[in-house]
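See structure below.
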Amino acid sequence: MRKTFLISLAVCSLPTFGFGQSVDELATVTVLPGWREEGGTHVTALRIDLAEGWRTYWRAPGDAGIPPAFSFAGSGLTSIQPHYPVPEVYETFGMRSIGYEDSVTFPLRLSVPDDGGAIGITGQIQIGVCDDVCIPVTLDFSAMLPPEGAADPAILAALQDRPMTRAEAQVGAVTCAVTPISDGLQVATTITIAPKGTQEIVVIESGDPQVWVSEPQVTRAGSQLTAVVDMVHVSGQPFALDRSGLRFTVLGDGTAVDIRGCTAD
């Protein structure tokens with residue numbers, strides 16, 4: 001089993017590292033005000049800037065890492081939808097991680113009162129930042145969002161840098177064969193999809209945070225891409241797998257395809 005060494009530090013608990021950087025210099029967050037759309041939606045974003053050479057993680061971080069966790073407590077907003085730009089894949093000490101280096105912009109779509117006024121957004125984002133060590137960091141943010149605003153090129157670019165949908169990528173059948181193993185389930189997923197690069201990475205998310213998913217073993221035969229994973233519940237007990245709740249992301253050469261659900265093989 002691969003091992004990950006995670007140093008857990010509160011932002012204020014350690015003044016400096018040996019290389020002269022304090023913990024709170026490793027990452028900063030900025031709210032990009034964005035603009036108001038018709039129908040009660042406001043488009044804004046959180047921009048994360050990292051110290052040179054440091055990385056943070058995507059929604060599914062890979063072998064080692066901490067996925068972003070958003071909290072908007074106190075904002076009074078009813079619906080907030082974050083968007084994740086297409087990530088990069090990194091190999092370090094034999095472990096794969098998926099995320100972003102130096103900076104990343106997470107667009108947010110907010111459902112807001114349609115009264116034409118400014119609104120406040122307050123919250124926290126918890127991220128992992130990594131170089132030779134991985135450190136969880138909590139960043140607080142607070143801003144007023146304008147009642148109108150203008151389209152922001154940085155937000156638009158992040159929205160455009162998104163995975164393709166199943167239809168856009170012309171994905172065919174997606175099937176899953178499920179086999180019981182000693183401590184869980186083995187799931188073999190076959191996706192009918194055109195090659196997406198010289199090296200294709202498949203990320204499989206179970207849809208249940210209590211279910212651990214191994215790194216996929218990926219093979220291709222013509223138009224069919226197959227990824228095999230083990231899934232184990234943290235309780236060690238048997239569990240039911242909802243195929244419709246599985247999420248598959250195919251990464252290759254700067255592109256990504258987002259696929260939801262599979263059918264029985």
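For the structure tokens, the naming scheme is as follows: chains receive sequential letters (A, B, ...) according to their order of presentation, residues are indexed from 1 within each chain, and ligands are indexed from 1 in presentation order.
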Excluding segment 170-178 of chain A and residues on its chain fewer than 3 positions from it, collect all residues at most 10 Å away from it, counting only C-alpha atoms, and give them as a PDB file with C-alpha atoms, in the first residue's frame.
```pdb
ATOM      1  CA  MET A 164     -16.283  18.099 -22.079  1.00  0.00           C
ATOM      2  CA  THR A 165     -19.648  16.512 -21.495  1.00  0.00           C
ATOM      3  CA  ARG A 166     -20.406  12.975 -22.578  1.00  0.00           C
ATOM      4  CA  ALA A 167     -22.301  14.290 -25.591  1.00  0.00           C
ATOM      5  CA  ILE A 181     -13.589  -9.156  -3.436  1.00  0.00           C
ATOM      6  CA  LEU A 185     -15.919  -4.687  -4.733  1.00  0.00           C
ATOM      7  CA  GLN A 186     -13.860  -4.666  -7.891  1.00  0.00           C
ATOM      8  CA  VAL A 187     -15.369  -2.478 -10.597  1.00  0.00           C
ATOM      9  CA  ALA A 188     -14.274  -2.803 -14.233  1.00  0.00           C
ATOM     10  CA  THR A 189     -15.568   0.104 -16.323  1.00  0.00           C
ATOM     11  CA  THR A 190     -15.434   0.083 -20.114  1.00  0.00           C
ATOM     12  CA  ILE A 191     -15.957   3.402 -21.904  1.00  0.00           C
ATOM     13  CA  THR A 192     -16.404   3.673 -25.658  1.00  0.00           C
ATOM     14  CA  ILE A 193     -14.477   6.862 -26.413  1.00  0.00           C
ATOM     15  CA  ALA A 194     -11.943   8.110 -28.952  1.00  0.00           C
ATOM     16  CA  SER A 223     -12.242   2.605 -29.166  1.00  0.00           C
ATOM     17  CA  GLN A 224     -12.731   1.015 -25.743  1.00  0.00           C
ATOM     18  CA  LEU A 225     -11.023   2.369 -22.636  1.00  0.00           C
ATOM     19  CA  THR A 226     -11.152   0.082 -19.594  1.00  0.00           C
ATOM     20  CA  ALA A 227     -10.401   1.105 -15.989  1.00  0.00           C
ATOM     21  CA  VAL A 228     -10.387  -1.385 -13.114  1.00  0.00           C
ATOM     22  CA  VAL A 229     -10.542  -0.275  -9.464  1.00  0.00           C
ATOM     23  CA  ASP A 230     -11.153  -1.751  -6.029  1.00  0.00           C
ATOM     24  CA  LEU A 241     -22.999   0.173  -5.231  1.00  0.00           C
ATOM     25  CA  ARG A 243     -23.930   2.606 -10.678  1.00  0.00           C
ATOM     26  CA  LEU A 246     -20.425   6.795 -10.203  1.00  0.00           C
ATOM     27  CA  PHE A 248     -15.730   9.050 -14.435  1.00  0.00           C
ATOM     28  CA  VAL A 257     -14.306  14.331 -20.323  1.00  0.00           C
ATOM     29  CA  ASP A 258     -16.874  14.157 -17.499  1.00  0.00           C
ATOM     30  CA  ILE A 259     -19.121  11.071 -17.542  1.00  0.00           C
ATOM     31  CA  ARG A 260     -21.880  10.287 -15.046  1.00  0.00           C
ATOM     32  CA  GLY A 261     -23.090   6.767 -14.343  1.00  0.00           C
ATOM     33  CA  CYS A 262     -22.747   3.398 -16.077  1.00  0.00           C
ATOM     34  CA  THR A 263     -24.927   0.446 -16.919  1.00  0.00           C
ATOM     35  CA  ALA A 264     -24.463  -3.212 -16.002  1.00  0.00           C
ATOM     36  CA  ASP A 265     -22.056  -5.097 -18.190  1.00  0.00           C
TER      37      ASP A 265
END
```
*Sel. of strand (DSSP E) residues, segment 112-253 of chain A, as a PyMOL selection string*: chain A and resi 119-130+134-145+174-181+184-192+201-205+211-213+217-221+224-233+247-252
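Counting only C-alpha atoms, the residue from A:Ser97, A:Gln124, A:Ser111, A:Gln199 that sits nearest to Leu46 of chain A is A:Gln124.
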*Any idea what's packed within 7 Å of Ile119 of chain A, counting only C-alpha atoms, ignoring anything in its chain fewer than 6 positions away? Could you give it as a VMD selection string?*
chain A and resid 144 to 146
*Which residues, written as JSON, numbers by chain, have at least one atom at most 7 Å from Trp212 of chain A, with only C-alpha atoms counted and residues fewer than 3 positions away on the same chain left out?*
{"A": [231, 232, 233, 234]}
*Per DSSP on the backbone, filter segment 34-218 of chain A down to the residues in alpha helix (DSSP H) and report them as a ChimeraX atom specification.*
/A:153-160
List the neighbours of Lys196 of chain A out to 8 Å using only C-alpha atoms; skip same-chain residues closer than 2 positions along the sequence, and give me the result as an mmCIF file with all heavy atoms, in the first residue's frame.
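This went into around_13.cif:
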```cif
data_model
loop_
_atom_site.group_PDB
_atom_site.id
_atom_site.type_symbol
_atom_site.label_atom_id
_atom_site.label_comp_id
_atom_site.auth_asym_id
_atom_site.auth_seq_id
_atom_site.Cartn_x
_atom_site.Cartn_y
_atom_site.Cartn_z
ATOM 1 N N ALA A 194 -13.135 7.926 -28.124
ATOM 2 C CA ALA A 194 -11.943 8.110 -28.952
ATOM 3 C C ALA A 194 -10.753 8.472 -28.069
ATOM 4 O O ALA A 194 -10.922 9.088 -27.012
ATOM 5 C CB ALA A 194 -12.192 9.208 -29.983
ATOM 6 N N THR A 198 -1.755 10.738 -25.661
ATOM 7 C CA THR A 198 -0.791 9.645 -25.620
ATOM 8 C C THR A 198 -0.836 8.906 -24.295
ATOM 9 O O THR A 198 -0.536 7.711 -24.236
ATOM 10 C CB THR A 198 0.622 10.191 -25.853
ATOM 11 O OG1 THR A 198 0.888 11.237 -24.902
ATOM 12 C CG2 THR A 198 0.756 10.767 -27.255
ATOM 13 N N GLN A 199 -1.167 9.606 -23.227
ATOM 14 C CA GLN A 199 -1.362 8.977 -21.926
ATOM 15 C C GLN A 199 -2.725 9.394 -21.385
ATOM 16 O O GLN A 199 -2.981 10.571 -21.160
ATOM 17 C CB GLN A 199 -0.269 9.381 -20.929
ATOM 18 C CG GLN A 199 -0.424 8.691 -19.571
ATOM 19 C CD GLN A 199 0.623 9.120 -18.567
ATOM 20 O OE1 GLN A 199 1.295 10.138 -18.762
ATOM 21 N NE2 GLN A 199 0.786 8.357 -17.505
ATOM 22 N N GLU A 200 -3.582 8.416 -21.176
ATOM 23 C CA GLU A 200 -4.924 8.689 -20.680
ATOM 24 C C GLU A 200 -5.027 8.271 -19.223
ATOM 25 O O GLU A 200 -4.625 7.174 -18.840
ATOM 26 C CB GLU A 200 -5.962 7.940 -21.520
ATOM 27 C CG GLU A 200 -6.036 8.428 -22.968
ATOM 28 C CD GLU A 200 -6.932 7.562 -23.828
ATOM 29 O OE1 GLU A 200 -6.660 6.348 -23.918
ATOM 30 O OE2 GLU A 200 -7.895 8.087 -24.396
ATOM 31 N N VAL A 250 -12.068 11.283 -17.758
ATOM 32 C CA VAL A 250 -10.969 10.848 -18.614
ATOM 33 C C VAL A 250 -10.101 12.063 -18.902
ATOM 34 O O VAL A 250 -10.570 13.055 -19.477
ATOM 35 C CB VAL A 250 -11.482 10.222 -19.925
ATOM 36 C CG1 VAL A 250 -10.309 9.780 -20.797
ATOM 37 C CG2 VAL A 250 -12.409 9.052 -19.628
ATOM 38 N N LEU A 251 -8.826 12.002 -18.494
ATOM 39 C CA LEU A 251 -7.888 13.099 -18.670
ATOM 40 C C LEU A 251 -6.832 12.699 -19.694
ATOM 41 O O LEU A 251 -6.322 11.573 -19.661
ATOM 42 C CB LEU A 251 -7.188 13.436 -17.350
ATOM 43 C CG LEU A 251 -8.082 13.891 -16.186
ATOM 44 C CD1 LEU A 251 -7.302 13.855 -14.885
ATOM 45 C CD2 LEU A 251 -8.605 15.294 -16.444
ATOM 46 N N GLY A 252 -6.490 13.637 -20.589
ATOM 47 C CA GLY A 252 -5.448 13.361 -21.556
ATOM 48 C C GLY A 252 -5.067 14.585 -22.349
ATOM 49 O O GLY A 252 -5.928 15.261 -22.931
ATOM 50 N N ASP A 253 -3.755 14.906 -22.351
ATOM 51 C CA ASP A 253 -3.215 16.009 -23.148
ATOM 52 C C ASP A 253 -3.993 17.308 -22.969
ATOM 53 O O ASP A 253 -4.384 17.974 -23.941
ATOM 54 C CB ASP A 253 -3.179 15.627 -24.633
ATOM 55 C CG ASP A 253 -2.148 14.542 -24.944
ATOM 56 O OD1 ASP A 253 -1.403 14.164 -24.026
ATOM 57 O OD2 ASP A 253 -2.111 14.086 -26.095
ATOM 58 N N THR A 255 -6.974 17.885 -21.884
ATOM 59 C CA THR A 255 -8.418 17.839 -22.020
ATOM 60 C C THR A 255 -8.996 16.905 -20.966
ATOM 61 O O THR A 255 -8.289 16.125 -20.334
ATOM 62 C CB THR A 255 -8.838 17.341 -23.415
ATOM 63 O OG1 THR A 255 -8.400 15.976 -23.571
ATOM 64 C CG2 THR A 255 -8.223 18.197 -24.500
#
```
*Between atom CA of Arg36 of chain A and atom CA of Leu50 of chain A, what is the distance, to one decimal in Å?*
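Here the two named atoms are 28.2 Å from each other.
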*Measuring atom to atom with only C-alpha atoms, identify which of A:Gln237, A:Thr105, A:Thr138, A:Gln210 is nearest to Ala69 of chain A.*
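Between A:Gln237, A:Thr105, A:Thr138, A:Gln210, the residue approaching Ala69 of chain A most closely is A:Thr138.
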*asked:* Between atom CA of Ile66 of chain A and atom CA of Thr44 of chain A, what distance in Å does the model show, to one decimal?
replied: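 Computed distance, atom CA of Ile66 of chain A to atom CA of Thr44 of chain A, equals 23.2 Å.
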*asked:* Between atom CA of Gly128 of chain A and atom CA of Tyr90 of chain A, what distance in Å does the model show, to one decimal?
replied: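 Distance reported for this atom pair: 14.7 Å.
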*Residues at most 8 Å from Gly65 of chain A, counting only C-alpha atoms, excluding those fewer than 2 positions away in the same chain, as a ChimeraX atom specification?*
/A:57,61-63,67,97,128,134
